[in-house]
Structures are given as structure tokens and as C-alpha cells.
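First up is the structure itself, then whatever we jot down about it.
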Amino acid sequence: NKYVGIVTLCGIDQKNQKTSSSIYIIPEARGRNIGKRAIQFAYSYAKEFLNCDTFFTCVSMGNIASARMMYKAGLKQTCTQREAAFVGGKYVDTLFFELR
């Protein structure tokens, strides 16, 4: 019964059956497959209750742990957007991941 993070569905587009997601896991809870399970749960919820069978998210380039978590959750990298996020005082590329 302890808070370990949050996963959200955002950009819900039921007409086109798509939704995006974001996730944050507190540092003490990382490395225990909690993020993977949370992403899989969010996808299942979006598909079953929101009729959104396309699920996507993005990860800043260099965030290897988050990218690895997306792969483990079954998402595939679909593209890279150049300088799409401002992180640590500079623009970095963003990796887009999708699950259908």
C-alpha cells in the first residue's frame, strides 16, 4: 500500500482508437518490473474500456532504462523526433514507441 509511481492515459482519441501514456516510477521502486506491468495494465485498460487499440508514448534519447522498459512491455520504437524535448538545459531527440 505504498505509492511507487503513476501511469496516465492522455491524448485519448476514441474516434481514431488511439491513446498516449506517460509513466513515472520513484527511484526506490525501479528495476522491479513495476513500470512494465503498469504500462501493460494501462494498455489493457485503454483497449478494453476506451476502445483504443493503438497505444503510444515517448522517451527522451539517453533515457536507456525507460526505453528498455518500453521494449520489455512489448512496445516497438516507431520513430525518432529530432530535438523534441528540452532536458537538462538542451534539446534532445525523442524516441516514439507504439503498441497495437
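Chain lettering (A, B, ...) mirrors the order of the C-alpha cells, residue numbering begins at 1 for each chain separately, and ligand numbering begins at 1 in order of display.
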Using DSSP on the backbone, list every residue of chain A that comes out as alpha helix (DSSP H), and give them as an NGL selection string. :A and (34-50 or 64-72)
Extract, using only C-alpha atoms, all DNA, RNA and protein residues at most 12 Å from Leu75 (chain A), discarding same-chain residues fewer than 5 positions from it, and format them as a CSV table (one decimal) with C-alpha atoms, in the first residue's frame.
chain,number,residue,atom,x,y,z
A,21,SER,CA,0.6,7.4,-22.0
A,36,LYS,CA,6.4,-2.7,-17.3
A,39,ILE,CA,2.3,0.1,-18.9
A,40,GLN,CA,0.8,-3.2,-19.8
A,43,TYR,CA,-2.7,-0.6,-22.5
A,54,THR,CA,-3.2,1.9,-30.5
A,55,PHE,CA,-1.1,3.0,-27.6
A,56,PHE,CA,1.9,5.2,-27.8
A,57,THR,CA,4.4,7.0,-25.6
A,58,CYS,CA,7.8,8.7,-26.0
A,59,VAL,CA,11.2,8.6,-24.2
A,66,SER,CA,12.9,3.9,-19.8
A,67,ALA,CA,13.5,2.7,-23.4
A,68,ARG,CA,14.3,-0.7,-22.1
A,69,MET,CA,11.1,-0.8,-20.0
A,70,MET,CA,9.1,0.0,-23.1
A,95,LEU,CA,12.1,8.1,-29.3
A,96,PHE,CA,8.4,7.2,-30.0
A,97,PHE,CA,7.1,3.8,-29.0
A,98,GLU,CA,3.8,2.1,-30.0
A,99,LEU,CA,1.8,-0.9,-29.1
A,100,ARG,CA,-1.1,-2.3,-31.1
Run DSSP on the backbone and give me the residues of chain A it puts in strand (DSSP E or B), as a ChimeraX atom specification. /A:5-13,18-25,54-60,76-87,90-99
Looking at A:Cys79, A:Cys52, A:Met61, A:Ala38, which one is nearest to Tyr91 (chain A), with distances taken over only C-alpha atoms?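 For Tyr91 (chain A), the nearest of the given residues is A:Met61.
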Which one is closest to Asn51 (chain A): A:Lys15, A:Arg37, A:Arg32, A:Lys90? Count only C-alpha atoms.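 So, comparing all the options, the nearest one is A:Lys15.
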Which residues come within 10 Å of Val87 (chain A), counting only C-alpha atoms, excluding same-chain residues fewer than 5 positions away, as a list in words?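 Non-adjacent residues within range: Ser60, Met61, Val92 and Asp93 of chain A.
Taking CA of Val7 (chain A) as the reference point, CA of Ala42 (chain A) is found at 7.3 Å.
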d(CA of Thr8 (chain A), CA of Gly89 (chain A)) in Å: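 About the pair CA of Thr8 (chain A) and CA of Gly89 (chain A): they are 25.6 Å apart.
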To one decimal place in Å, what is the distance between CA of Ser22 (chain A) and CA of Cys10 (chain A)?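 Separation of CA of Ser22 (chain A) and CA of Cys10 (chain A): 7.6 Å.
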May I have the residues within 8 Å of Gly11 (chain A) as a list of chain:residue names, using only C-alpha atoms and disregarding those fewer than 3 positions away in the same chain?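 Near neighbours after the sequence-gap exclusion: A:Lys18, A:Thr19, A:Ser20, A:Ser21.
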